[in-house]
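Next comes run_6.pdb, with PDB, C-alpha atoms and all ligand atoms.
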```pdb
ATOM      1  CA  MET A   1     -58.798 -81.116  59.284
ATOM      2  CA  SER A   2     -55.238 -82.363  59.003
ATOM      3  CA  ASN A   3     -52.032 -80.342  59.037
ATOM      4  CA  GLN A   4     -51.784 -81.054  55.282
ATOM      5  CA  ASP A   5     -54.946 -78.921  54.852
ATOM      6  CA  VAL A   6     -53.560 -76.104  57.044
ATOM      7  CA  PHE A   7     -49.980 -75.725  55.803
ATOM      8  CA  LYS A   8     -50.396 -75.269  52.041
ATOM      9  CA  TYR A   9     -48.086 -72.417  51.106
ATOM     10  CA  CYS A  10     -44.399 -71.702  51.448
ATOM     11  CA  PRO A  11     -43.760 -69.074  54.204
ATOM     12  CA  ARG A  12     -40.890 -67.612  52.131
ATOM     13  CA  CYS A  13     -42.194 -67.421  48.531
ATOM     14  CA  SER A  14     -45.966 -67.999  49.079
ATOM     15  CA  LYS A  15     -46.196 -70.579  46.294
ATOM     16  CA  THR A  16     -47.964 -73.877  46.901
ATOM     17  CA  ALA A  17     -45.836 -76.111  49.119
ATOM     18  CA  ARG A  18     -47.750 -78.942  50.711
ATOM     19  CA  LEU A  19     -46.359 -80.794  53.712
ATOM     20  CA  ALA A  20     -43.957 -83.380  52.327
ATOM     21  CA  ASP A  21     -44.932 -85.657  55.211
ATOM     22  CA  SER A  22     -46.689 -84.838  58.463
ATOM     23  CA  ARG A  23     -43.796 -82.713  59.726
ATOM     24  CA  LYS A  24     -41.924 -80.943  56.937
ATOM     25  CA  ILE A  25     -42.638 -78.092  54.523
ATOM     26  CA  ASP A  26     -40.319 -78.610  51.549
ATOM     27  CA  CYS A  27     -40.930 -75.934  48.925
ATOM     28  CA  PRO A  28     -40.426 -77.167  45.339
ATOM     29  CA  ASN A  29     -40.257 -73.551  44.113
ATOM     30  CA  CYS A  30     -37.564 -71.912  46.273
ATOM     31  CA  GLY A  31     -36.103 -74.816  48.283
ATOM     32  CA  PHE A  32     -37.243 -73.462  51.652
ATOM     33  CA  LYS A  33     -37.562 -76.149  54.329
ATOM     34  CA  LEU A  34     -39.409 -75.935  57.652
ATOM     35  CA  TYR A  35     -39.697 -78.752  60.190
ATOM     36  CA  LEU A  36     -42.646 -79.079  62.550
ATOM     37  CA  ASN A  37     -40.765 -80.700  65.407
ATOM     38  CA  THR A  38     -41.993 -82.399  68.547
ATOM     39  CA  ALA A  39     -42.559 -79.842  71.314
ATOM     40  CA  ALA A  40     -41.487 -80.599  74.871
ATOM     41  CA  ALA A  41     -44.183 -80.302  77.534
ATOM     42  CA  VAL A  42     -43.972 -80.892  81.282
ATOM     43  CA  ALA A  43     -46.599 -82.120  83.751
ATOM     44  CA  ALA A  44     -46.546 -82.265  87.556
ATOM     45  CA  MET A  45     -47.864 -85.246  89.522
ATOM     46  CA  ILE A  46     -48.304 -83.520  92.896
ATOM     47  CA  PHE A  47     -49.284 -85.893  95.687
ATOM     48  CA  ASP A  48     -50.821 -84.954  99.013
ATOM     49  CA  ALA A  49     -49.834 -86.593 102.314
ATOM     50  CA  ASP A  50     -52.366 -89.424 101.749
ATOM     51  CA  GLY A  51     -51.041 -90.245  98.267
ATOM     52  CA  ARG A  52     -53.862 -88.616  96.339
ATOM     53  CA  LEU A  53     -52.936 -86.929  93.074
ATOM     54  CA  MET A  54     -53.794 -83.293  92.374
ATOM     55  CA  PHE A  55     -55.748 -82.725  89.153
ATOM     56  CA  ILE A  56     -56.927 -79.515  87.595
ATOM     57  CA  ARG A  57     -60.250 -79.478  85.788
ATOM     58  CA  ARG A  58     -59.687 -77.593  82.544
ATOM     59  CA  ASN A  59     -61.642 -74.349  82.124
ATOM     60  CA  HIS A  60     -60.763 -73.901  78.426
ATOM     61  CA  ASP A  61     -60.603 -75.971  75.283
ATOM     62  CA  PRO A  62     -59.053 -78.185  74.224
ATOM     63  CA  GLN A  63     -60.754 -80.751  76.478
ATOM     64  CA  LYS A  64     -62.653 -78.257  78.679
ATOM     65  CA  GLY A  65     -64.121 -79.923  81.786
ATOM     66  CA  LEU A  66     -61.762 -82.901  81.803
ATOM     67  CA  LEU A  67     -59.000 -83.648  84.281
ATOM     68  CA  ASP A  68     -55.480 -82.503  83.521
ATOM     69  CA  LEU A  69     -52.234 -82.173  85.399
ATOM     70  CA  PRO A  70     -50.566 -78.807  86.080
ATOM     71  CA  GLY A  71     -47.898 -78.023  83.510
ATOM     72  CA  GLY A  72     -47.333 -76.650  80.042
ATOM     73  CA  PHE A  73     -44.856 -76.144  77.238
ATOM     74  CA  VAL A  74     -41.129 -75.749  77.776
ATOM     75  CA  ASP A  75     -39.836 -72.334  76.659
ATOM     76  CA  PHE A  76     -36.814 -71.894  74.418
ATOM     77  CA  ASN A  77     -33.543 -72.332  76.371
ATOM     78  CA  GLU A  78     -35.390 -73.618  79.444
ATOM     79  CA  ASP A  79     -34.780 -76.931  81.215
ATOM     80  CA  GLY A  80     -37.683 -79.195  82.097
ATOM     81  CA  GLU A  81     -37.509 -78.756  85.858
ATOM     82  CA  THR A  82     -37.499 -74.954  85.558
ATOM     83  CA  ALA A  83     -40.416 -75.091  83.101
ATOM     84  CA  LEU A  84     -42.375 -77.261  85.514
ATOM     85  CA  ARG A  85     -41.758 -74.970  88.498
ATOM     86  CA  ARG A  86     -42.657 -71.902  86.401
ATOM     87  CA  GLU A  87     -45.883 -73.418  85.022
ATOM     88  CA  VAL A  88     -47.031 -74.719  88.409
ATOM     89  CA  PHE A  89     -46.400 -71.327  90.008
ATOM     90  CA  GLU A  90     -48.265 -69.525  87.184
ATOM     91  CA  GLU A  91     -51.249 -71.884  87.350
ATOM     92  CA  LEU A  92     -51.543 -72.543  91.075
ATOM     93  CA  GLY A  93     -49.377 -69.990  92.881
ATOM     94  CA  ILE A  94     -47.371 -72.691  94.660
ATOM     95  CA  ASN A  95     -43.668 -73.502  94.803
ATOM     96  CA  LEU A  96     -42.730 -77.151  94.360
ATOM     97  CA  GLU A  97     -40.608 -78.584  97.125
ATOM     98  CA  THR A  98     -39.366 -81.687  95.288
ATOM     99  CA  VAL A  99     -39.313 -82.439  91.536
ATOM    100  CA  GLU A 100     -38.263 -85.884  90.302
ATOM    101  CA  TYR A 101     -38.292 -87.101  86.693
ATOM    102  CA  TYR A 102     -40.729 -89.980  86.306
ATOM    103  CA  ARG A 103     -41.177 -90.813  82.608
ATOM    104  CA  SER A 104     -42.052 -89.352  79.203
ATOM    105  CA  ILE A 105     -44.908 -90.237  76.839
ATOM    106  CA  PRO A 106     -45.619 -88.856  73.332
ATOM    107  CA  ASN A 107     -48.905 -87.027  72.788
ATOM    108  CA  VAL A 108     -50.859 -85.085  70.159
ATOM    109  CA  TYR A 109     -52.567 -81.791  70.952
ATOM    110  CA  ASN A 110     -55.077 -80.129  68.636
ATOM    111  CA  TYR A 111     -55.135 -76.370  69.067
ATOM    112  CA  ALA A 112     -56.892 -73.899  66.753
ATOM    113  CA  GLY A 113     -56.895 -76.358  63.876
ATOM    114  CA  VAL A 114     -53.232 -77.332  64.107
ATOM    115  CA  LEU A 115     -52.143 -80.743  65.332
ATOM    116  CA  TYR A 116     -49.084 -80.403  67.576
ATOM    117  CA  HIS A 117     -46.978 -83.390  68.494
ATOM    118  CA  THR A 118     -45.529 -83.196  71.977
ATOM    119  CA  LEU A 119     -43.318 -85.214  74.256
ATOM    120  CA  ASP A 120     -44.975 -84.986  77.664
ATOM    121  CA  ILE A 121     -42.415 -85.241  80.469
ATOM    122  CA  PHE A 122     -43.909 -86.263  83.802
ATOM    123  CA  PHE A 123     -42.408 -85.405  87.186
ATOM    124  CA  THR A 124     -43.503 -86.601  90.619
ATOM    125  CA  CYS A 125     -43.593 -83.664  93.023
ATOM    126  CA  ARG A 126     -44.425 -82.516  96.480
ATOM    127  CA  ALA A 127     -45.512 -78.996  97.398
ATOM    128  CA  LYS A 128     -45.140 -77.393 100.801
ATOM    129  CA  ASN A 129     -48.135 -75.065 100.734
ATOM    130  CA  GLN A 130     -50.786 -77.194  99.033
ATOM    131  CA  PRO A 131     -53.736 -75.942 101.142
ATOM    132  CA  SER A 132     -53.295 -72.348  99.944
ATOM    133  CA  VAL A 133     -53.541 -73.160  96.237
ATOM    134  CA  LYS A 134     -54.908 -70.220  94.240
ATOM    135  CA  PRO A 135     -55.829 -71.473  90.764
ATOM    136  CA  ASN A 136     -55.881 -69.072  87.808
ATOM    137  CA  ASP A 137     -58.747 -68.832  85.305
ATOM    138  CA  GLU A 138     -57.435 -71.712  83.158
ATOM    139  CA  ILE A 139     -58.659 -73.976  85.968
ATOM    140  CA  MET A 140     -62.312 -74.743  86.824
ATOM    141  CA  GLU A 141     -61.455 -76.526  90.082
ATOM    142  CA  ILE A 142     -58.789 -78.556  91.854
ATOM    143  CA  VAL A 143     -59.573 -82.238  92.409
ATOM    144  CA  TYR A 144     -57.642 -84.780  94.503
ATOM    145  CA  LYS A 145     -58.034 -88.464  93.612
ATOM    146  CA  PHE A 146     -56.094 -91.660  94.015
ATOM    147  CA  PRO A 147     -54.735 -92.513  90.529
ATOM    148  CA  LYS A 148     -56.423 -95.946  90.570
ATOM    149  CA  ASP A 149     -59.845 -94.270  91.099
ATOM    150  CA  VAL A 150     -59.604 -92.202  87.903
ATOM    151  CA  SER A 151     -61.037 -93.581  84.664
ATOM    152  CA  GLU A 152     -59.609 -92.875  81.224
ATOM    153  CA  ASP A 153     -62.707 -90.977  80.044
ATOM    154  CA  GLU A 154     -62.277 -88.377  82.819
ATOM    155  CA  ILE A 155     -58.753 -87.548  81.621
ATOM    156  CA  ALA A 156     -58.017 -84.857  79.026
ATOM    157  CA  PHE A 157     -55.033 -86.224  77.128
ATOM    158  CA  ASP A 158     -53.960 -89.600  75.766
ATOM    159  CA  SER A 159     -50.509 -89.545  77.373
ATOM    160  CA  MET A 160     -52.141 -89.138  80.821
ATOM    161  CA  LYS A 161     -54.733 -91.841  80.060
ATOM    162  CA  LYS A 162     -51.841 -94.257  79.642
ATOM    163  CA  LEU A 163     -50.088 -93.116  82.760
ATOM    164  CA  ILE A 164     -52.519 -92.239  85.528
ATOM    165  CA  PRO A 165     -54.975 -95.169  85.964
ATOM    166  CA  ASN A 166     -51.989 -97.533  85.957
ATOM    167  CA  PHE A 167     -49.731 -95.449  88.222
ATOM    168  CA  PRO A 168     -47.149 -96.428  89.322
ATOM    169  CA  LEU A 169     -46.136 -97.927  85.969
TER
HETATM  170 ZN    ZN A 201     -40.880 -71.331  48.583
END
```

Here is a file; write its structure as structure tokens.
Amino acid sequence: MSNQDVFKYCPRCSKTARLADSRKIDCPNCGFKLYLNTAAAVAAMIFDADGRLMFIRRNHDPQKGLLDLPGGFVDFNEDGETALRREVFEELGINLETVEYYRSIPNVYNYAGVLYHTLDIFFTCRAKNQPSVKPNDEIMEIVYKFPKDVSEDEIAFDSMKKLIPNFPL
């Protein structure tokens, strides 16, 4: 199902208002406009002392069972580094020691029938207290692997498939 099949009515006047393109509701009845903009997301590439990358195995859909990086969506009025530290603490209970911007890659994320376009912002990080990681229930297990040993079909999202097996880009 595409977003054109999901967003069919104007949120203001309830008349038919199909998506004018993949990202804009433009109501011909009342003139209401709504943009479905790219959402910012952050992901942490946390390396251990040997250079292995920390993955989380997803415990929920989308992409349950596949490898993901810790992270999530940036809140309103939040900068990327703060979002990353917040998400990593919520998911793993650890504080990041260093956070350095690495690169950004666009992605699409299907959730509950809606296709969200994101800009995934990747940071390379180190954490002081890695051994005491306490994952929450979004995470099946923690896995450490060298990036070159990970294949694309083990990885949850397209942006990470581009990045991880070829790291450092
Ligand atoms: Zn309308």

Residues of chain A that approach ligand ZN 201 (chain A) to 10 Å or less, counting all atoms listed in the file: could you list each one with the shortest pair of atoms and its distance in Å to one decimal, rows by chain and increasing residue number, as a Markdown table?
```
| residue | atom | partner | partner_atom | distance |
| --- | --- | --- | --- | --- |
| A:Tyr9 | CA | A:ZN201 | ZN | 7.7 |
| A:Cys10 | CA | A:ZN201 | ZN | 4.6 |
| A:Pro11 | CA | A:ZN201 | ZN | 6.7 |
| A:Arg12 | CA | A:ZN201 | ZN | 5.1 |
| A:Cys13 | CA | A:ZN201 | ZN | 4.1 |
| A:Ser14 | CA | A:ZN201 | ZN | 6.1 |
| A:Lys15 | CA | A:ZN201 | ZN | 5.8 |
| A:Thr16 | CA | A:ZN201 | ZN | 7.7 |
| A:Ala17 | CA | A:ZN201 | ZN | 6.9 |
| A:Ile25 | CA | A:ZN201 | ZN | 9.2 |
| A:Asp26 | CA | A:ZN201 | ZN | 7.9 |
| A:Cys27 | CA | A:ZN201 | ZN | 4.6 |
| A:Pro28 | CA | A:ZN201 | ZN | 6.7 |
| A:Asn29 | CA | A:ZN201 | ZN | 5.0 |
| A:Cys30 | CA | A:ZN201 | ZN | 4.1 |
| A:Gly31 | CA | A:ZN201 | ZN | 5.9 |
| A:Phe32 | CA | A:ZN201 | ZN | 5.2 |
| A:Lys33 | CA | A:ZN201 | ZN | 8.2 |
```

Self-check item: Selection result of the PyMOL selection byres (((chain A and resi 74) around 12) and not hetatm) on this file, as a PyMOL selection string
Solution: chain A and resi 38-43+71-73+75-87+118-121

Quiz item: Which one of A:Ala112, A:Leu53, A:Ala20, A:Val88 sits closest to A:Leu67 if you count only C-alpha atoms?
Solution: A:Leu53

Practice problem: Pick out the residues sitting within 8 Å of stretch 98-100 of chain A, and hand them over as a list of chain:residue names; count all atoms listed in the file, and ignore anything fewer than 5 positions along from it in its own chain. | Solution: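 Skipping anything fewer than 5 positions along the chain leaves A:Glu81, A:Phe123, A:Thr124, A:Cys125, A:Arg126, A:Ala127.
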
Quiz prompt | Residue IDs satisfying the PyMOL selection byres (((chain A and resi 157-167) around 10) and not hetatm), as JSON, numbers by chain | solution = {"A": [43, 45, 53, 62, 63, 66, 67, 68, 69, 103, 104, 105, 106, 107, 108, 109, 118, 119, 120, 121, 122, 146, 147, 148, 149, 150, 151, 152, 153, 154, 155, 156, 168, 169]}

Within 12 Å of A:Lys134, counting all atoms listed in the file, which residues show up once you throw out same-chain ones fewer than 6 positions away? Write them as a PDB file with C-alpha atoms, in the coordinates of the input, please.
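Contents of out.pdb, freshly written:
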```
ATOM      1  CA  ILE A  56     -56.927 -79.515  87.595  1.00  0.00           C
ATOM      2  CA  VAL A  88     -47.031 -74.719  88.409  1.00  0.00           C
ATOM      3  CA  PHE A  89     -46.400 -71.327  90.008  1.00  0.00           C
ATOM      4  CA  GLU A  90     -48.265 -69.525  87.184  1.00  0.00           C
ATOM      5  CA  GLU A  91     -51.249 -71.884  87.350  1.00  0.00           C
ATOM      6  CA  LEU A  92     -51.543 -72.543  91.075  1.00  0.00           C
ATOM      7  CA  GLY A  93     -49.377 -69.990  92.881  1.00  0.00           C
ATOM      8  CA  ILE A  94     -47.371 -72.691  94.660  1.00  0.00           C
ATOM      9  CA  ASN A  95     -43.668 -73.502  94.803  1.00  0.00           C
ATOM     10  CA  MET A 140     -62.312 -74.743  86.824  1.00  0.00           C
ATOM     11  CA  GLU A 141     -61.455 -76.526  90.082  1.00  0.00           C
ATOM     12  CA  ILE A 142     -58.789 -78.556  91.854  1.00  0.00           C
TER      13      ILE A 142
END
```

Exercise. Enter the distance from atom CA of A:Pro70 to atom CA of A:Phe55, in Å, rounded to one decimal.
Key: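 We find that atom CA of A:Pro70 and atom CA of A:Phe55 lie 7.2 Å from each other.
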
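Of note, atom CA of A:Tyr144 and atom CA of A:Tyr116 are spaced 28.6 Å apart.
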
Quiz item: Between atom CA of A:Arg23 and atom CA of A:Asn3, what is the spacing in Å?
Solution: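 Answer for the atom CA of A:Asn3 to atom CA of A:Arg23 separation: 8.6 Å.
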
Practice problem: Can you give me, as a PyMOL selection string, the residues this file yields under the PyMOL selection byres (((chain A and resi 138) around 8) and not hetatm)? | Solution: chain A and resi 58-60+91+135-137+139-140

Box for stretch 164-168 of chain A - axis-aligned, 4 Å on each of the six sides, all listed atoms - centre and size in Å to one decimal, as JSON.
```
{"center_x": -51.1, "center_y": -94.9, "center_z": 87.4, "size_x": 15.8, "size_y": 13.3, "size_z": 11.8}
```

Practice problem: Find, counting all atoms listed in the file, the residue in A:Phe47, A:Asn37, A:Gly65, A:Met54 that gets nearest to A:Glu97. | Solution: A:Phe47

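When all atoms listed in the file are used to measure the gap to A:His117, the shortest distance among A:Ala49, A:Tyr35, A:Leu96, A:Arg18 belongs to A:Tyr35.
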
Self-check item: Proximity to A:Gln4 - best of A:Lys145, A:Tyr102, A:Lys64, A:Lys24, all atoms listed in the file
Solution: A:Lys24

As a PDB file, keeping the file's coordinate frame, the rebuilt stretch 71-92 of chain A with N, CA and C atoms:
```pdb
ATOM      1  N   GLY A  71     -49.078 -77.963  84.379  1.00  0.00           N
ATOM      2  CA  GLY A  71     -47.898 -78.023  83.510  1.00  0.00           C
ATOM      3  C   GLY A  71     -48.108 -77.214  82.255  1.00  0.00           C
ATOM      4  N   GLY A  72     -47.220 -77.401  81.289  1.00  0.00           N
ATOM      5  CA  GLY A  72     -47.333 -76.650  80.042  1.00  0.00           C
ATOM      6  C   GLY A  72     -46.105 -76.863  79.183  1.00  0.00           C
ATOM      7  N   PHE A  73     -45.952 -75.993  78.193  1.00  0.00           N
ATOM      8  CA  PHE A  73     -44.856 -76.144  77.238  1.00  0.00           C
ATOM      9  C   PHE A  73     -43.553 -75.571  77.795  1.00  0.00           C
ATOM     10  N   VAL A  74     -42.468 -76.209  77.399  1.00  0.00           N
ATOM     11  CA  VAL A  74     -41.129 -75.749  77.776  1.00  0.00           C
ATOM     12  C   VAL A  74     -40.744 -74.588  76.861  1.00  0.00           C
ATOM     13  N   ASP A  75     -40.294 -73.484  77.443  1.00  0.00           N
ATOM     14  CA  ASP A  75     -39.836 -72.334  76.659  1.00  0.00           C
ATOM     15  C   ASP A  75     -38.499 -72.629  75.996  1.00  0.00           C
ATOM     16  N   PHE A  76     -38.140 -71.802  75.026  1.00  0.00           N
ATOM     17  CA  PHE A  76     -36.814 -71.894  74.418  1.00  0.00           C
ATOM     18  C   PHE A  76     -35.762 -71.695  75.522  1.00  0.00           C
ATOM     19  N   ASN A  77     -34.682 -72.456  75.447  1.00  0.00           N
ATOM     20  CA  ASN A  77     -33.543 -72.332  76.371  1.00  0.00           C
ATOM     21  C   ASN A  77     -33.906 -72.581  77.837  1.00  0.00           C
ATOM     22  N   GLU A  78     -34.946 -73.351  78.071  1.00  0.00           N
ATOM     23  CA  GLU A  78     -35.390 -73.618  79.444  1.00  0.00           C
ATOM     24  C   GLU A  78     -35.268 -75.117  79.713  1.00  0.00           C
ATOM     25  N   ASP A  79     -34.808 -75.503  80.897  1.00  0.00           N
ATOM     26  CA  ASP A  79     -34.780 -76.931  81.215  1.00  0.00           C
ATOM     27  C   ASP A  79     -36.143 -77.361  81.759  1.00  0.00           C
ATOM     28  N   GLY A  80     -36.365 -78.665  81.756  1.00  0.00           N
ATOM     29  CA  GLY A  80     -37.683 -79.195  82.097  1.00  0.00           C
ATOM     30  C   GLY A  80     -38.104 -78.893  83.514  1.00  0.00           C
ATOM     31  N   GLU A  81     -37.159 -78.999  84.459  1.00  0.00           N
ATOM     32  CA  GLU A  81     -37.509 -78.756  85.858  1.00  0.00           C
ATOM     33  C   GLU A  81     -37.901 -77.293  86.091  1.00  0.00           C
ATOM     34  N   THR A  82     -37.168 -76.381  85.423  1.00  0.00           N
ATOM     35  CA  THR A  82     -37.499 -74.954  85.558  1.00  0.00           C
ATOM     36  C   THR A  82     -38.857 -74.666  84.924  1.00  0.00           C
ATOM     37  N   ALA A  83     -39.118 -75.277  83.761  1.00  0.00           N
ATOM     38  CA  ALA A  83     -40.416 -75.091  83.101  1.00  0.00           C
ATOM     39  C   ALA A  83     -41.547 -75.567  84.006  1.00  0.00           C
ATOM     40  N   LEU A  84     -41.343 -76.704  84.637  1.00  0.00           N
ATOM     41  CA  LEU A  84     -42.375 -77.261  85.514  1.00  0.00           C
ATOM     42  C   LEU A  84     -42.644 -76.326  86.693  1.00  0.00           C
ATOM     43  N   ARG A  85     -41.586 -75.871  87.350  1.00  0.00           N
ATOM     44  CA  ARG A  85     -41.758 -74.970  88.498  1.00  0.00           C
ATOM     45  C   ARG A  85     -42.438 -73.671  88.061  1.00  0.00           C
ATOM     46  N   ARG A  86     -42.058 -73.140  86.901  1.00  0.00           N
ATOM     47  CA  ARG A  86     -42.657 -71.902  86.401  1.00  0.00           C
ATOM     48  C   ARG A  86     -44.145 -72.106  86.114  1.00  0.00           C
ATOM     49  N   GLU A  87     -44.484 -73.185  85.389  1.00  0.00           N
ATOM     50  CA  GLU A  87     -45.883 -73.418  85.022  1.00  0.00           C
ATOM     51  C   GLU A  87     -46.755 -73.649  86.257  1.00  0.00           C
ATOM     52  N   VAL A  88     -46.243 -74.422  87.212  1.00  0.00           N
ATOM     53  CA  VAL A  88     -47.031 -74.719  88.409  1.00  0.00           C
ATOM     54  C   VAL A  88     -47.249 -73.436  89.218  1.00  0.00           C
ATOM     55  N   PHE A  89     -46.228 -72.586  89.279  1.00  0.00           N
ATOM     56  CA  PHE A  89     -46.400 -71.327  90.008  1.00  0.00           C
ATOM     57  C   PHE A  89     -47.408 -70.429  89.288  1.00  0.00           C
ATOM     58  N   GLU A  90     -47.329 -70.369  87.935  1.00  0.00           N
ATOM     59  CA  GLU A  90     -48.265 -69.525  87.184  1.00  0.00           C
ATOM     60  C   GLU A  90     -49.702 -70.017  87.336  1.00  0.00           C
ATOM     61  N   GLU A  91     -49.887 -71.338  87.325  1.00  0.00           N
ATOM     62  CA  GLU A  91     -51.249 -71.884  87.350  1.00  0.00           C
ATOM     63  C   GLU A  91     -51.841 -71.929  88.752  1.00  0.00           C
ATOM     64  N   LEU A  92     -51.017 -72.240  89.742  1.00  0.00           N
ATOM     65  CA  LEU A  92     -51.543 -72.543  91.075  1.00  0.00           C
ATOM     66  C   LEU A  92     -51.008 -71.623  92.166  1.00  0.00           C
TER      67      LEU A  92
END
```
